[in-house]
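Have a look at the structure below, then the notes.
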Amino acid sequence: MSPTQIVVIVVVVLVVAALVAAGLTLARRRSLRDRFGPEYDRVVAERNSRAAAERELRERERRHAELRLAPLDPESRARYAAAWEELQARFIDAPAETVGDADELVTRLIAERGYPTGDFSDQIAHLSVEHARTLSHYRDAHEIHLRNSRGEASTEDLRQAVVHYRALFADLLGEEPVRPRVPEQPGPERQPDGRHPERGRPEQSQDATNR
């Protein structure tokens, strides 16, 4: 084999190796994007490089694999769903207290599923592996909860906090804790006695409650 042939073979081997490495990198990147969703872009934006962000996300996966997570049994799921429904019913009378209760309820659910509940940033890191698509809701809810503790949150802020908490709560629960509110359908105005102007008889109103 001539020196030229040897050089060509070496170059071909190096090119193939580089292509394989690039393919593996792209596959790992695609896997991280699929798993972490918007959290991938968030971490990339916060780190100095994409490689550093991907190392952090792989480290989150490693730590997550060490957790002993467990799904809720039907009894626990029903108990949490009932607790959330009661919490939402209290919001009208005590919005500020309800947001604090929502934070505590979500934290209890996180713990029962097997996630650490100490430092908030650690919670986020562990939850991001399987619940990344609801993390922005949890962050927003937590921020409003902190503002509420300082007396800086409006009633609308508090309402939004409960909505945000509910997103993660439902994700961890595996189902919606209560049926979504059914809005009334618009229609012709009724006469004072409840009769429909076109049919001349009383109509039964739809139940638009959240029960």
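The chains in the structure tokens are called A, B, ... from first to last as shown; in each chain the residues are counted from 1, and the ligands are counted from 1 in the order shown.
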
> Which residues come within 9 Å of region 137-140 of chain A, counting only C-alpha atoms, excluding same-chain residues fewer than 6 positions away, as a list in words?
Replying inline: Ile124, Gln160, Ala161, Val163, His164, Tyr165, Arg166, Ala167 and Leu168 of chain A

> Which polymer residues have any atom within 8 Å of an atom of region 93-103 of chain A, counting only C-alpha atoms, with same-chain residues fewer than 5 positions away left out, as a PyMOL selection string?
Replying inline: chain A and resi 84+87-88+142+145+148+155+158-159+161-162+165

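One distance worth recording is that between CA of Tyr115 (chain A) and CA of Ala53 (chain A), which is 22.2 Å.
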
>> So, with only C-alpha atoms as the atoms that count, which of A:Pro116, A:Asp41, A:Ala83, A:Ile110 lies closest to Glu66 (chain A)?
In response: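 Nearest to Glu66 (chain A): A:Pro116.
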
> Can you list, as a count of residues only, every protein, DNA or RNA residue that comes within 12 Å of Arg42 (chain A) when you count only C-alpha atoms, leaving out same-chain residues fewer than 2 positions away?
Replying inline: 20

>> Applying 12 Å and only C-alpha atoms, which residues near Arg55 (chain A) remain after dropping the ones on its own chain fewer than 6 positions away? List them as number ranges by chain.
In response: A: 25, 28-29, 32, 40, 43-44, 47-49, 61-62

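Separating CA of Leu146 (chain A) from CA of Leu172 (chain A) is a distance of 22.1 Å.
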